[in-house]
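Structure file entry-v6.txt with compact mmCIF, C-alpha atoms and all ligand atoms:
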```
# COMPACT_ATOMS: atom_id res chain seq x y z
CA MET T 1 -42.88 -3.08 -61.30
CA SER T 2 -40.41 -5.18 -63.29
CA GLY T 3 -41.12 -6.71 -66.70
CA LYS T 4 -40.74 -10.13 -65.11
CA SER T 5 -43.46 -9.53 -62.50
CA ILE T 6 -45.81 -8.01 -65.09
CA VAL T 7 -45.74 -11.13 -67.28
CA GLU T 8 -45.87 -13.50 -64.28
CA SER T 9 -49.09 -12.04 -62.96
CA GLN T 10 -50.73 -11.99 -66.42
CA PHE T 11 -49.66 -15.59 -66.98
CA GLU T 12 -51.33 -16.95 -63.82
CA ARG T 13 -54.74 -15.61 -64.82
CA ALA T 14 -54.63 -17.39 -68.18
CA ALA T 15 -53.03 -20.56 -66.78
CA ASP T 16 -56.04 -20.86 -64.41
CA LEU T 17 -58.42 -20.40 -67.33
CA VAL T 18 -56.93 -23.36 -69.22
CA ASN T 19 -56.26 -25.45 -66.07
CA LEU T 20 -52.56 -25.77 -66.75
CA ASP T 21 -50.74 -28.39 -64.64
CA ALA T 22 -48.41 -27.09 -61.96
CA TYR T 23 -45.31 -28.68 -63.53
CA MET T 24 -46.15 -27.14 -66.93
CA ARG T 25 -46.57 -23.73 -65.30
CA ARG T 26 -43.09 -24.17 -63.90
CA ILE T 27 -41.63 -25.05 -67.33
CA LEU T 28 -43.43 -22.23 -69.09
CA MET T 29 -42.56 -19.55 -66.57
CA SER T 30 -38.87 -20.30 -66.17
CA PRO T 31 -36.32 -19.51 -68.87
CA PHE T 32 -34.60 -22.27 -70.83
CA ARG T 33 -31.21 -20.55 -70.74
CA GLU T 34 -29.84 -17.22 -69.50
CA VAL T 35 -26.54 -15.74 -70.55
CA GLN T 36 -25.03 -12.70 -68.85
CA VAL T 37 -21.83 -11.25 -70.24
CA GLU T 38 -19.35 -8.49 -69.62
CA VAL T 39 -18.92 -6.23 -72.62
CA PRO T 40 -15.64 -4.25 -72.44
CA VAL T 41 -15.60 -1.49 -75.05
CA ARG T 42 -12.70 0.75 -76.10
CA MET T 43 -14.13 4.29 -76.02
CA ASP T 44 -13.04 7.02 -78.44
CA ASP T 45 -10.90 8.68 -75.75
CA GLY T 46 -8.89 5.46 -75.22
CA ARG T 47 -10.56 4.35 -71.95
CA ILE T 48 -12.17 0.93 -71.64
CA GLU T 49 -15.71 0.96 -70.32
CA VAL T 50 -17.36 -2.30 -69.25
CA PHE T 51 -21.09 -2.82 -69.92
CA THR T 52 -23.35 -5.72 -68.91
CA GLY T 53 -25.24 -7.64 -71.58
CA TYR T 54 -27.89 -10.37 -71.50
CA ARG T 55 -29.34 -12.89 -73.89
CA ILE T 56 -32.19 -14.81 -72.33
CA GLN T 57 -33.81 -17.72 -74.17
CA HIS T 58 -37.16 -18.25 -72.59
CA ASN T 59 -38.51 -21.18 -74.60
CA GLY T 60 -37.54 -23.06 -77.76
CA ALA T 61 -40.11 -25.85 -77.86
CA ARG T 62 -41.77 -24.59 -81.06
CA GLY T 63 -38.62 -23.55 -82.93
CA PRO T 64 -35.43 -21.47 -82.67
CA CYS T 65 -35.57 -18.79 -79.97
CA LYS T 66 -36.44 -15.39 -81.46
CA GLY T 67 -36.43 -11.84 -80.25
CA GLY T 68 -34.81 -8.45 -80.40
CA ILE T 69 -31.84 -6.84 -78.70
CA ARG T 70 -32.32 -3.53 -76.89
CA TYR T 71 -29.80 -0.96 -75.73
CA HIS T 72 -31.19 0.94 -72.76
CA PRO T 73 -30.09 2.05 -69.26
CA ASP T 74 -33.04 0.08 -67.78
CA ALA T 75 -32.33 -3.12 -69.72
CA ASP T 76 -31.49 -5.33 -66.73
CA HIS T 77 -31.98 -9.05 -66.08
CA ASP T 78 -35.64 -8.85 -65.03
CA GLU T 79 -36.65 -6.60 -67.90
CA VAL T 80 -34.94 -8.80 -70.50
CA LEU T 81 -36.48 -11.94 -68.96
CA GLY T 82 -39.99 -10.44 -69.05
CA LEU T 83 -39.51 -9.43 -72.68
CA ALA T 84 -38.10 -12.87 -73.62
CA THR T 85 -41.20 -14.46 -72.09
CA ILE T 86 -43.52 -12.23 -74.10
CA MET T 87 -41.67 -13.31 -77.27
CA THR T 88 -42.60 -16.94 -76.55
CA TRP T 89 -46.30 -16.01 -76.36
CA LYS T 90 -46.01 -13.72 -79.39
CA THR T 91 -44.53 -16.31 -81.75
CA ALA T 92 -46.97 -18.96 -80.47
CA LEU T 93 -49.98 -16.67 -80.90
CA MET T 94 -48.91 -15.84 -84.49
CA ASP T 95 -48.30 -19.57 -84.99
CA ILE T 96 -44.87 -19.00 -86.50
CA PRO T 97 -42.17 -21.66 -85.91
CA PHE T 98 -40.12 -19.88 -83.26
CA GLY T 99 -39.68 -19.75 -79.51
CA GLY T 100 -38.93 -16.64 -77.48
CA ALA T 101 -35.75 -14.80 -76.48
CA LYS T 102 -34.55 -11.29 -75.81
CA GLY T 103 -31.22 -9.54 -75.48
CA GLY T 104 -30.19 -6.33 -73.87
CA VAL T 105 -27.19 -4.23 -72.95
CA THR T 106 -27.46 -1.84 -70.01
CA VAL T 107 -26.26 1.30 -71.77
CA ASP T 108 -27.49 4.70 -72.88
CA PRO T 109 -26.66 4.55 -76.60
CA LYS T 110 -27.29 8.28 -76.98
CA LYS T 111 -24.04 8.82 -75.08
CA LEU T 112 -22.03 6.68 -77.53
CA SER T 113 -20.46 7.70 -80.83
CA LYS T 114 -21.26 5.59 -83.90
CA LEU T 115 -17.88 3.85 -83.66
CA GLU T 116 -18.38 3.09 -79.96
CA LEU T 117 -21.80 1.65 -80.78
CA GLU T 118 -20.27 -0.56 -83.45
CA ARG T 119 -17.53 -1.78 -81.08
CA LEU T 120 -20.14 -2.47 -78.37
CA THR T 121 -22.30 -4.44 -80.81
CA ARG T 122 -19.39 -6.49 -82.12
CA ARG T 123 -18.08 -7.31 -78.65
CA PHE T 124 -21.55 -8.22 -77.36
CA THR T 125 -22.10 -10.47 -80.40
CA GLN T 126 -18.75 -12.21 -79.84
CA ARG T 127 -19.69 -12.93 -76.24
CA ILE T 128 -23.14 -14.37 -76.98
CA SER T 129 -22.46 -15.93 -80.40
CA ILE T 130 -22.06 -19.36 -78.80
CA VAL T 131 -25.82 -19.46 -78.12
CA LEU T 132 -26.91 -17.88 -81.44
CA GLY T 133 -27.52 -19.42 -84.86
CA PRO T 134 -30.28 -19.76 -87.49
CA TYR T 135 -31.67 -22.90 -85.83
CA ARG T 136 -30.80 -21.92 -82.26
CA ASP T 137 -31.53 -18.26 -81.55
CA VAL T 138 -32.10 -15.41 -84.03
CA PRO T 139 -31.80 -11.76 -82.82
CA ALA T 140 -33.54 -8.73 -84.34
CA PRO T 141 -33.91 -4.99 -83.63
CA ASP T 142 -35.68 -3.64 -80.55
CA VAL T 143 -35.52 -0.36 -78.59
CA ASN T 144 -32.50 1.72 -79.78
CA THR T 145 -31.21 -0.87 -82.24
CA ASN T 146 -31.80 -0.86 -86.00
CA ALA T 147 -30.82 -2.39 -89.36
CA GLN T 148 -27.26 -1.06 -89.08
CA VAL T 149 -26.78 -2.77 -85.72
CA MET T 150 -28.14 -5.99 -87.25
CA ALA T 151 -25.62 -5.62 -90.11
CA TRP T 152 -22.75 -5.54 -87.57
CA ILE T 153 -24.20 -8.60 -85.82
CA LEU T 154 -24.40 -10.42 -89.18
CA ASP T 155 -20.82 -9.49 -90.01
CA GLU T 156 -19.50 -10.56 -86.61
CA TYR T 157 -21.45 -13.84 -86.59
CA SER T 158 -20.51 -14.63 -90.22
CA SER T 159 -16.82 -13.97 -89.61
CA ARG T 160 -16.87 -16.93 -87.18
CA HIS T 161 -19.38 -19.23 -88.84
CA GLY T 162 -19.29 -18.31 -92.55
CA TYR T 163 -21.90 -16.21 -94.35
CA THR T 164 -25.14 -16.80 -92.43
CA PRO T 165 -27.85 -14.22 -93.26
CA ALA T 166 -30.55 -16.26 -91.43
CA ALA T 167 -28.66 -15.75 -88.14
CA VAL T 168 -30.26 -12.33 -87.60
CA THR T 169 -33.34 -10.49 -88.94
CA GLY T 170 -34.20 -6.84 -89.43
CA LYS T 171 -31.06 -6.46 -91.58
CA PRO T 172 -30.71 -3.78 -94.27
CA VAL T 173 -32.48 -4.92 -97.46
CA SER T 174 -29.17 -4.83 -99.35
CA LEU T 175 -27.74 -7.41 -96.91
CA GLY T 176 -30.60 -9.90 -97.12
CA GLY T 177 -33.18 -8.01 -95.08
CA SER T 178 -36.83 -8.32 -96.06
CA LEU T 179 -38.78 -5.65 -97.84
CA GLY T 180 -41.37 -4.32 -95.42
CA ARG T 181 -39.54 -5.45 -92.25
CA GLU T 182 -38.81 -1.96 -90.94
CA GLU T 183 -42.45 -0.81 -91.05
CA ALA T 184 -43.83 -4.26 -90.12
CA THR T 185 -44.65 -3.59 -86.46
CA GLY T 186 -46.56 -0.41 -87.32
CA ARG T 187 -48.29 -2.11 -90.26
CA GLY T 188 -49.31 -5.08 -88.11
CA ILE T 189 -50.83 -2.72 -85.52
CA MET T 190 -52.81 -1.02 -88.28
CA TYR T 191 -54.14 -4.38 -89.53
CA VAL T 192 -55.25 -5.36 -86.00
CA MET T 193 -56.90 -1.95 -85.50
CA THR T 194 -58.70 -2.35 -88.84
CA GLU T 195 -60.23 -5.65 -87.72
CA TYR T 196 -61.12 -4.32 -84.28
CA ALA T 197 -62.63 -1.19 -85.83
CA ARG T 198 -64.94 -3.30 -87.99
CA ASP T 199 -65.95 -5.69 -85.20
CA PHE T 200 -66.58 -3.08 -82.53
CA GLY T 201 -67.95 -0.21 -84.60
CA ILE T 202 -65.17 2.38 -84.26
CA PRO T 203 -64.48 3.20 -87.94
CA LEU T 204 -60.79 3.95 -88.39
CA LYS T 205 -61.41 6.53 -91.10
CA GLY T 206 -61.60 9.92 -89.43
CA SER T 207 -61.09 8.48 -85.93
CA ARG T 208 -58.82 10.22 -83.43
CA VAL T 209 -55.51 8.56 -82.59
CA VAL T 210 -52.95 9.47 -79.91
CA ILE T 211 -49.54 7.78 -80.11
CA GLN T 212 -47.01 7.85 -77.27
CA GLY T 213 -43.59 7.42 -78.92
CA PHE T 214 -42.48 8.40 -82.40
CA GLY T 215 -39.67 5.92 -83.06
CA ASN T 216 -39.74 3.00 -85.47
CA VAL T 217 -43.11 1.72 -84.22
CA GLY T 218 -44.95 5.00 -83.58
CA GLY T 219 -43.54 6.77 -86.65
CA HIS T 220 -44.52 4.10 -89.17
CA LEU T 221 -47.86 3.54 -87.45
CA ALA T 222 -48.74 7.25 -87.64
CA ARG T 223 -47.77 7.37 -91.32
CA LEU T 224 -49.79 4.27 -92.23
CA LEU T 225 -52.86 5.14 -90.15
CA GLN T 226 -53.07 8.55 -91.73
CA GLY T 227 -51.90 7.64 -95.25
CA GLU T 228 -53.62 4.27 -95.74
CA ALA T 229 -56.46 4.08 -93.19
CA GLY T 230 -57.54 7.74 -93.23
CA ALA T 231 -57.34 8.10 -89.43
CA LYS T 232 -56.55 11.42 -87.78
CA VAL T 233 -53.37 11.29 -85.68
CA ILE T 234 -53.97 14.21 -83.32
CA ALA T 235 -51.04 13.82 -80.90
CA VAL T 236 -47.66 12.10 -80.67
CA SER T 237 -44.75 12.36 -78.26
CA ASP T 238 -41.11 11.46 -77.70
CA VAL T 239 -38.92 11.51 -74.56
CA ALA T 240 -38.78 15.31 -74.55
CA GLY T 241 -42.54 16.00 -74.80
CA GLY T 242 -45.54 15.89 -77.11
CA ILE T 243 -47.31 17.81 -79.83
CA VAL T 244 -51.05 18.08 -80.41
CA ASN T 245 -53.13 19.34 -83.32
CA GLU T 246 -56.87 18.68 -83.09
CA SER T 247 -57.30 18.78 -86.86
CA GLY T 248 -54.66 16.11 -87.38
CA LEU T 249 -50.86 16.38 -87.47
CA ASP T 250 -48.97 16.58 -90.76
CA ILE T 251 -47.23 13.22 -90.30
CA PRO T 252 -44.91 13.25 -93.36
CA GLY T 253 -43.76 16.74 -92.31
CA LEU T 254 -43.26 15.63 -88.71
CA LEU T 255 -41.30 12.56 -89.83
CA ALA T 256 -38.95 14.76 -91.89
CA HIS T 257 -38.59 17.06 -88.85
CA THR T 258 -37.67 14.18 -86.48
CA ALA T 259 -35.36 12.60 -89.08
CA ALA T 260 -33.22 15.72 -88.52
CA ARG T 261 -33.03 14.66 -84.82
CA LYS T 262 -35.37 17.42 -83.64
CA PRO T 263 -37.90 16.74 -80.84
CA VAL T 264 -41.57 16.50 -81.87
CA SER T 265 -42.49 19.31 -79.45
CA GLU T 266 -40.52 21.77 -81.62
CA TRP T 267 -42.78 21.09 -84.61
CA LYS T 268 -44.46 24.36 -85.55
CA ALA T 269 -47.88 23.12 -86.74
CA GLY T 270 -49.26 22.13 -83.33
CA LYS T 271 -49.29 22.90 -79.64
CA ALA T 272 -46.44 21.56 -77.49
CA ILE T 273 -47.57 19.55 -74.44
CA GLY T 274 -45.91 17.72 -71.55
CA ASN T 275 -45.62 13.94 -71.57
CA GLU T 276 -48.20 13.49 -68.76
CA GLN T 277 -50.76 15.60 -70.64
CA LEU T 278 -50.69 13.26 -73.61
CA TRP T 279 -52.49 10.53 -71.65
CA THR T 280 -55.48 12.75 -70.90
CA ILE T 281 -56.31 13.78 -74.48
CA PRO T 282 -59.78 12.49 -75.44
CA CYS T 283 -59.39 10.12 -78.39
CA ASP T 284 -60.67 6.89 -79.93
CA TRP T 285 -57.39 4.97 -79.98
CA LEU T 286 -54.54 5.44 -77.54
CA VAL T 287 -51.33 3.68 -78.60
CA PRO T 288 -48.38 3.46 -76.19
CA ALA T 289 -45.52 2.76 -78.62
CA ALA T 290 -42.35 3.31 -76.62
CA LEU T 291 -41.23 1.65 -73.37
CA GLY T 292 -42.84 -0.68 -70.83
CA GLY T 293 -44.65 0.22 -67.58
CA VAL T 294 -46.06 3.59 -68.71
CA ILE T 295 -49.75 3.02 -67.92
CA THR T 296 -49.92 2.69 -64.15
CA LYS T 297 -52.40 2.99 -61.29
CA GLU T 298 -50.44 5.89 -59.80
CA SER T 299 -50.07 7.99 -62.94
CA ASN T 300 -52.72 7.72 -65.62
CA ALA T 301 -54.95 4.59 -65.61
CA ARG T 302 -57.87 6.56 -64.13
CA VAL T 303 -57.57 9.59 -66.40
CA ILE T 304 -56.96 7.96 -69.77
CA ASP T 305 -59.83 9.06 -72.03
CA CYS T 306 -60.00 6.72 -75.03
CA LYS T 307 -62.22 4.00 -76.48
CA VAL T 308 -59.42 1.42 -76.85
CA VAL T 309 -55.80 1.08 -75.71
CA VAL T 310 -53.61 -0.58 -78.36
CA GLU T 311 -50.30 -1.82 -76.94
CA GLY T 312 -47.70 -0.99 -79.59
CA ALA T 313 -44.89 -1.28 -77.03
CA ASN T 314 -44.10 -4.42 -75.04
CA GLU T 315 -45.75 -4.54 -71.58
CA PRO T 316 -46.75 -0.83 -71.39
CA THR T 317 -49.59 -1.55 -68.92
CA THR T 318 -48.94 -2.74 -65.36
CA PRO T 319 -51.33 -5.46 -64.08
CA THR T 320 -53.05 -3.09 -61.63
CA ALA T 321 -53.54 -0.51 -64.35
CA ASP T 322 -54.90 -3.27 -66.56
CA LEU T 323 -57.57 -4.05 -63.93
CA ILE T 324 -58.47 -0.37 -63.59
CA LEU T 325 -58.91 -0.08 -67.36
CA GLU T 326 -61.06 -3.23 -67.29
CA GLU T 327 -63.24 -1.78 -64.50
CA ARG T 328 -63.57 1.44 -66.48
CA GLY T 329 -64.69 -0.53 -69.55
CA ILE T 330 -61.68 0.44 -71.64
CA PRO T 331 -60.57 -2.58 -73.69
CA VAL T 332 -56.87 -3.25 -74.24
CA ILE T 333 -55.46 -4.96 -77.35
CA PRO T 334 -52.45 -6.69 -75.79
CA ASP T 335 -48.85 -6.22 -76.89
CA PHE T 336 -48.16 -9.71 -78.13
CA LEU T 337 -51.13 -9.52 -80.48
CA ALA T 338 -50.93 -5.84 -81.50
CA ASN T 339 -47.19 -5.52 -82.07
CA ALA T 340 -46.46 -8.98 -83.49
CA GLY T 341 -46.04 -7.69 -87.05
CA GLY T 342 -42.30 -7.18 -86.50
CA VAL T 343 -41.48 -10.74 -85.54
CA THR T 344 -43.90 -12.08 -88.15
CA VAL T 345 -42.01 -10.33 -90.95
CA SER T 346 -38.77 -11.44 -89.24
CA TYR T 347 -40.04 -14.97 -89.85
CA TYR T 348 -40.53 -14.16 -93.55
CA GLU T 349 -37.02 -12.68 -93.65
CA TRP T 350 -35.54 -15.82 -92.06
CA ALA T 351 -37.49 -18.04 -94.49
CA GLN T 352 -36.33 -15.94 -97.48
CA ASN T 353 -32.71 -16.20 -96.30
CA LEU T 354 -32.92 -19.97 -95.88
CA GLN T 355 -34.56 -20.33 -99.31
CA GLN T 356 -32.29 -17.72 -100.94
CA TYR T 357 -35.38 -16.29 -102.56
CA ARG T 358 -36.73 -12.75 -102.24
CA TRP T 359 -40.40 -11.85 -101.79
CA THR T 360 -42.00 -8.65 -103.07
CA HIS T 361 -43.16 -5.99 -100.61
CA GLU T 362 -46.77 -6.74 -101.61
CA GLN T 363 -46.33 -10.44 -100.81
CA VAL T 364 -44.85 -9.60 -97.40
CA ASN T 365 -47.78 -7.29 -96.57
CA ARG T 366 -50.35 -9.79 -97.81
CA GLU T 367 -48.90 -12.63 -95.72
CA LEU T 368 -48.57 -10.35 -92.68
CA GLN T 369 -52.18 -9.28 -92.93
CA ALA T 370 -53.35 -12.91 -93.23
CA THR T 371 -51.23 -14.12 -90.29
CA ILE T 372 -52.03 -11.32 -87.85
CA THR T 373 -55.73 -11.25 -88.79
CA LYS T 374 -56.04 -14.99 -88.17
CA ALA T 375 -54.43 -14.56 -84.74
CA TYR T 376 -56.72 -11.61 -83.97
CA THR T 377 -59.83 -13.57 -84.94
CA GLY T 378 -58.84 -16.47 -82.67
CA VAL T 379 -58.37 -14.09 -79.73
CA ARG T 380 -61.60 -12.21 -80.39
CA ASP T 381 -63.63 -15.43 -80.58
CA LEU T 382 -62.14 -16.96 -77.43
CA ALA T 383 -62.54 -13.71 -75.49
CA LYS T 384 -66.22 -13.66 -76.42
CA GLN T 385 -66.78 -17.34 -75.74
CA LYS T 386 -65.16 -17.29 -72.27
CA GLY T 387 -66.14 -13.74 -71.32
CA VAL T 388 -62.50 -12.72 -70.70
CA THR T 389 -60.27 -9.87 -71.85
CA PHE T 390 -58.33 -10.01 -75.11
CA ARG T 391 -55.14 -10.36 -73.07
CA THR T 392 -56.32 -13.41 -71.15
CA ALA T 393 -57.66 -15.03 -74.32
CA ALA T 394 -54.40 -14.36 -76.19
CA TYR T 395 -52.41 -15.88 -73.30
CA ALA T 396 -54.68 -18.92 -73.20
CA ILE T 397 -54.16 -19.64 -76.92
CA ALA T 398 -50.41 -19.05 -76.80
CA LEU T 399 -49.63 -21.01 -73.71
CA GLN T 400 -51.72 -23.98 -74.84
CA ARG T 401 -49.67 -24.09 -78.05
CA VAL T 402 -46.37 -23.97 -76.21
CA ALA T 403 -47.58 -26.53 -73.62
CA GLU T 404 -48.62 -28.88 -76.42
CA ALA T 405 -45.18 -28.61 -78.06
CA GLU T 406 -43.52 -29.28 -74.69
CA ARG T 407 -45.72 -32.35 -74.11
CA LEU T 408 -45.11 -33.73 -77.60
CA ARG T 409 -41.37 -33.37 -77.05
CA GLY T 410 -41.67 -35.45 -73.90
CA ASN T 411 -42.23 -32.99 -71.07
N1 LIG W 1 -38.19 -6.64 -81.07
C1 LIG W 1 -39.38 -6.99 -81.79
C2 LIG W 1 -40.44 -7.52 -80.82
O1 LIG W 1 -40.44 -7.21 -79.65
C3 LIG W 1 -39.10 -7.91 -82.96
C4 LIG W 1 -38.49 -9.23 -82.63
C5 LIG W 1 -38.05 -10.04 -83.84
O2 LIG W 1 -38.29 -9.63 -84.96
O3 LIG W 1 -37.46 -11.09 -83.60
O4 LIG W 1 -41.36 -8.19 -81.21
```
Please re-express this file's structure in structure tokens.
Amino acid sequence: MSGKSIVESQFERAADLVNLDAYMRRILMSPFREVQVEVPVRMDDGRIEVFTGYRIQHNGARGPCKGGIRYHPDADHDEVLGLATIMTWKTALMDIPFGGAKGGVTVDPKKLSKLELERLTRRFTQRISIVLGPYRDVPAPDVNTNAQVMAWILDEYSSRHGYTPAAVTGKPVSLGGSLGREEATGRGIMYVMTEYARDFGIPLKGSRVVIQGFGNVGGHLARLLQGEAGAKVIAVSDVAGGIVNESGLDIPGLLAHTAARKPVSEWKAGKAIGNEQLWTIPCDWLVPAALGGVITKESNARVIDCKVVVEGANEPTTPTADLILEERGIPVIPDFLANAGGVTVSYYEWAQNLQQYRWTHEQVNRELQATITKAYTGVRDLAKQKGVTFRTAAYAIALQRVAEAERLRGN
């Protein structure tokens, strides 16, 4: 199931709940602007390889379009559109002054050298720079992109428009990036889990956590949950497989191990498992923190054995799997609430760049906690009041905010 169809079917449920007019449904479900480009790249052996890239701006009613850029073989039009749509709901739910966008290049970056990756990034930026800008559309990291890639985007954009740090977020701190941006998605997930833990009586301290994915999101989340919240991270995985240790994994050790580009399954202090096995481990919190469409009816929705699913990744649960989890009484904290810490700190980075003033790491964390907790509380209260899932409540809040902005602007 494509990212586009996942978000469409979730949207309809919430649009019915808030009685959204048919014309507004049409505006909110179709993208504002889509750009598809050819990205010819000179490879190290002298050949030119041509990649396809996308930047899709879903909605800009509440502010400049905002969202990451991913490099992945599956990053096609429908996936990027689905992800751009989620960004609109995410920024609206957090009540930060942005719309939603996403970019992607259909490429396996693991097959590229560092220089090829730089040339790809620069060429892609050149081709989409016409639709970018601090008040138009602001990219950030996503799957397989990082602060270094953002630095190249900044350099390429600035060479055409003059020094413009607010044109991209998730930059290295020494180039105007924000303190706390890199860990922000993981930290935001921890703050949401802390609130949920208190409200629903699943104390985080000592609780059992399984995390699928050990990249920027999963890695920081594991470190923070264990180091700051006292949770027990018993299993994690990456593309090659997983590792489990019932008494809790040594996360700092595992992070040092994976920093040396070694798979988690080769970590000595635990038992190696296959990727399918990870989903069946009994735990309190199960956090998919890698790619979309991993919890499905066919594979694991009926065997997942946790108290709560926390969507660290974007759209990890297909709509049918979502219904199965609902039937089974397993609540899901939806992606655009759980993982919104990244874009929230991107907003602080953008604001710092525009003000030419730097915040402390403590200030960033404090503001993040306040923003994401307020959004969480709104979702929790509406879900209770209407007797709906967290996902439907989060959609209802977000799409009402975007619809109001559209109406006020004359639509
Ligand atoms: N790629 C991240 C997301 O999906 C961050 C986007 C941003 O910071 O603009 O939320």
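Of the listed residues T:Ile189, T:Ile130, T:Ala340, T:Ala259, the one whose atoms come nearest to ligand LIG 1 (chain W) is T:Ala340, with distances taken using all atoms listed in the file.
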Which residues sit within 6 Å of ligand LIG 1 (chain W), counting all atoms listed in the file, listed as a VMD selection string?
chain T and resid 66 to 68 139 to 142 340 342 to 343 346
Please, which residues in segment 143-194 of chain T fall within 12 Å of segment 312-319 of chain T when counting only C-alpha atoms, and what is the closest atom pair and distance in Å to one decimal for each, ordered by chain then residue number, as JSON lines?
```
{"residue": "T:Val143", "atom": "CA", "partner": "T:Ala313", "partner_atom": "CA", "distance": 9.5}
{"residue": "T:Ala184", "atom": "CA", "partner": "T:Gly312", "partner_atom": "CA", "distance": 11.7}
{"residue": "T:Thr185", "atom": "CA", "partner": "T:Gly312", "partner_atom": "CA", "distance": 8.0}
{"residue": "T:Gly186", "atom": "CA", "partner": "T:Gly312", "partner_atom": "CA", "distance": 7.8}
{"residue": "T:Arg187", "atom": "CA", "partner": "T:Gly312", "partner_atom": "CA", "distance": 10.7}
{"residue": "T:Gly188", "atom": "CA", "partner": "T:Gly312", "partner_atom": "CA", "distance": 9.6}
{"residue": "T:Ile189", "atom": "CA", "partner": "T:Gly312", "partner_atom": "CA", "distance": 6.9}
{"residue": "T:Met190", "atom": "CA", "partner": "T:Gly312", "partner_atom": "CA", "distance": 10.1}
{"residue": "T:Val192", "atom": "CA", "partner": "T:Gly312", "partner_atom": "CA", "distance": 10.8}
{"residue": "T:Met193", "atom": "CA", "partner": "T:Gly312", "partner_atom": "CA", "distance": 11.0}
```
Write the residues of the selection above to a file with C-alpha atoms, as a compact mmCIF listing (two decimals), in the frame of the given file.
```
# COMPACT_ATOMS: atom_id res chain seq x y z
CA VAL T 143 -35.52 -0.36 -78.59
CA ALA T 184 -43.83 -4.26 -90.12
CA THR T 185 -44.65 -3.59 -86.46
CA GLY T 186 -46.56 -0.41 -87.32
CA ARG T 187 -48.29 -2.11 -90.26
CA GLY T 188 -49.31 -5.08 -88.11
CA ILE T 189 -50.83 -2.72 -85.52
CA MET T 190 -52.81 -1.02 -88.28
CA VAL T 192 -55.25 -5.36 -86.00
CA MET T 193 -56.90 -1.95 -85.50
```
Check the smallest atom-to-atom distance from each of T:Ala260, T:Ile397, T:Ala167, T:Met43 to Ser113 of chain T using all atoms listed in the file, then report the winner.
T:Met43
Which value, in Å to one decimal, gives the distance between atom CA of Arg302 of chain T and atom CA of Gly242 of chain T?
20.2 Å
For each of T:Lys374, T:His361, T:Arg55, T:His161, take the minimum atom-to-atom distance to Glu349 of chain T, counting all atoms listed in the file, then give the residue where this is smallest.
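Once distances to Glu349 of chain T are computed over all atoms listed in the file, the minimum belongs to T:His361.
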Grab the atom CA of Tyr23 of chain T to atom CA of Gly3 of chain T distance for me, in Å with one decimal place.
22.6 Å
Determine, counting only C-alpha atoms, which protein, DNA and RNA residues have an atom within 8 Å of an atom of Gly219 of chain T; residues of the same chain fewer than 5 positions away are not included. Present the result as a list of chain:residue names.
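Once the adjacent positions are removed, what remains is T:Gly186, T:Gly213, T:Phe214, T:Leu255.
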Could you please take those selected residues and save C-alpha atoms as a PDB file, in the coordinates of the input?
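And here's out34.pdb as it stands now:
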```
ATOM      1  CA  GLY T 186     -46.560  -0.410 -87.320  1.00  0.00           C
ATOM      2  CA  GLY T 213     -43.590   7.420 -78.920  1.00  0.00           C
ATOM      3  CA  PHE T 214     -42.480   8.400 -82.400  1.00  0.00           C
ATOM      4  CA  LEU T 255     -41.300  12.560 -89.830  1.00  0.00           C
TER       5      LEU T 255
END
```
Interatomic distance (Å, one decimal) between atom CA of Glu228 of chain T and atom CA of Gly176 of chain T:
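About the pair atom CA of Glu228 of chain T and atom CA of Gly176 of chain T: they are 27.1 Å apart.
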So that I can see what lies close to segment 402-406 of chain T, please list as a list in words the residues with an atom at most 7 Å from it, counting all atoms listed in the file and leaving out residues fewer than 4 positions away in the same chain.
Met24, Ala61, Arg62, Ala92, Ala398, Gly410 and Asn411 of chain T
Applying 12 Å and all atoms listed in the file, which residues near Val105 of chain T remain after dropping the ones on its own chain fewer than 2 positions away? List them as an MDAnalysis selection string.
chainID T and resid 35:40 50:56 68:77 79:80 102:103 107:109 117 120:121 123:125 127:128 142:145
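Minimum atom-to-atom distance to Asp305 of chain T, evaluated using all atoms listed in the file, belongs to T:Ile281 out of T:Val287, T:Ala235, T:Leu354, T:Ile281.
Distance annotation: of T:Asp199, T:Glu266, T:Asp21, T:Asp284, the residue with the minimal separation from Val233 of chain T is T:Asp284; atom set is all atoms listed in the file.
The point (-48.3, -17.1, -79.7) has these residues within 10 Å of it, counting only C-alpha atoms: Ile86, Met87, Thr88, Trp89, Lys90, Thr91, Ala92, Leu93, Met94, Asp95, Ile96, Pro97, Phe98, Gly99, Gly100, Phe336, Leu337, Ala340, Ala375, Ala394, Tyr395, Ala396, Ile397, Ala398, Leu399, Gln400, Arg401 and Val402 of chain T.
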Given the point (-35.5, -15.9, -65.0) in the file's coordinates, find the residues that have an atom at most 10 Å from it, counting all atoms listed in the file, and give them as a short mmCIF file (atom, residue, chain, number, x, y, z; two decimals) with C-alpha atoms, in the frame of the given file.
```cif
data_model
loop_
_atom_site.label_atom_id
_atom_site.label_comp_id
_atom_site.auth_asym_id
_atom_site.auth_seq_id
_atom_site.Cartn_x
_atom_site.Cartn_y
_atom_site.Cartn_z
CA LYS T 4 -40.74 -10.13 -65.11
CA MET T 29 -42.56 -19.55 -66.57
CA SER T 30 -38.87 -20.30 -66.17
CA PRO T 31 -36.32 -19.51 -68.87
CA PHE T 32 -34.60 -22.27 -70.83
CA ARG T 33 -31.21 -20.55 -70.74
CA GLU T 34 -29.84 -17.22 -69.50
CA ILE T 56 -32.19 -14.81 -72.33
CA GLN T 57 -33.81 -17.72 -74.17
CA HIS T 58 -37.16 -18.25 -72.59
CA HIS T 77 -31.98 -9.05 -66.08
CA ASP T 78 -35.64 -8.85 -65.03
CA GLU T 79 -36.65 -6.60 -67.90
CA VAL T 80 -34.94 -8.80 -70.50
CA LEU T 81 -36.48 -11.94 -68.96
CA GLY T 82 -39.99 -10.44 -69.05
CA ALA T 84 -38.10 -12.87 -73.62
CA THR T 85 -41.20 -14.46 -72.09
#
```
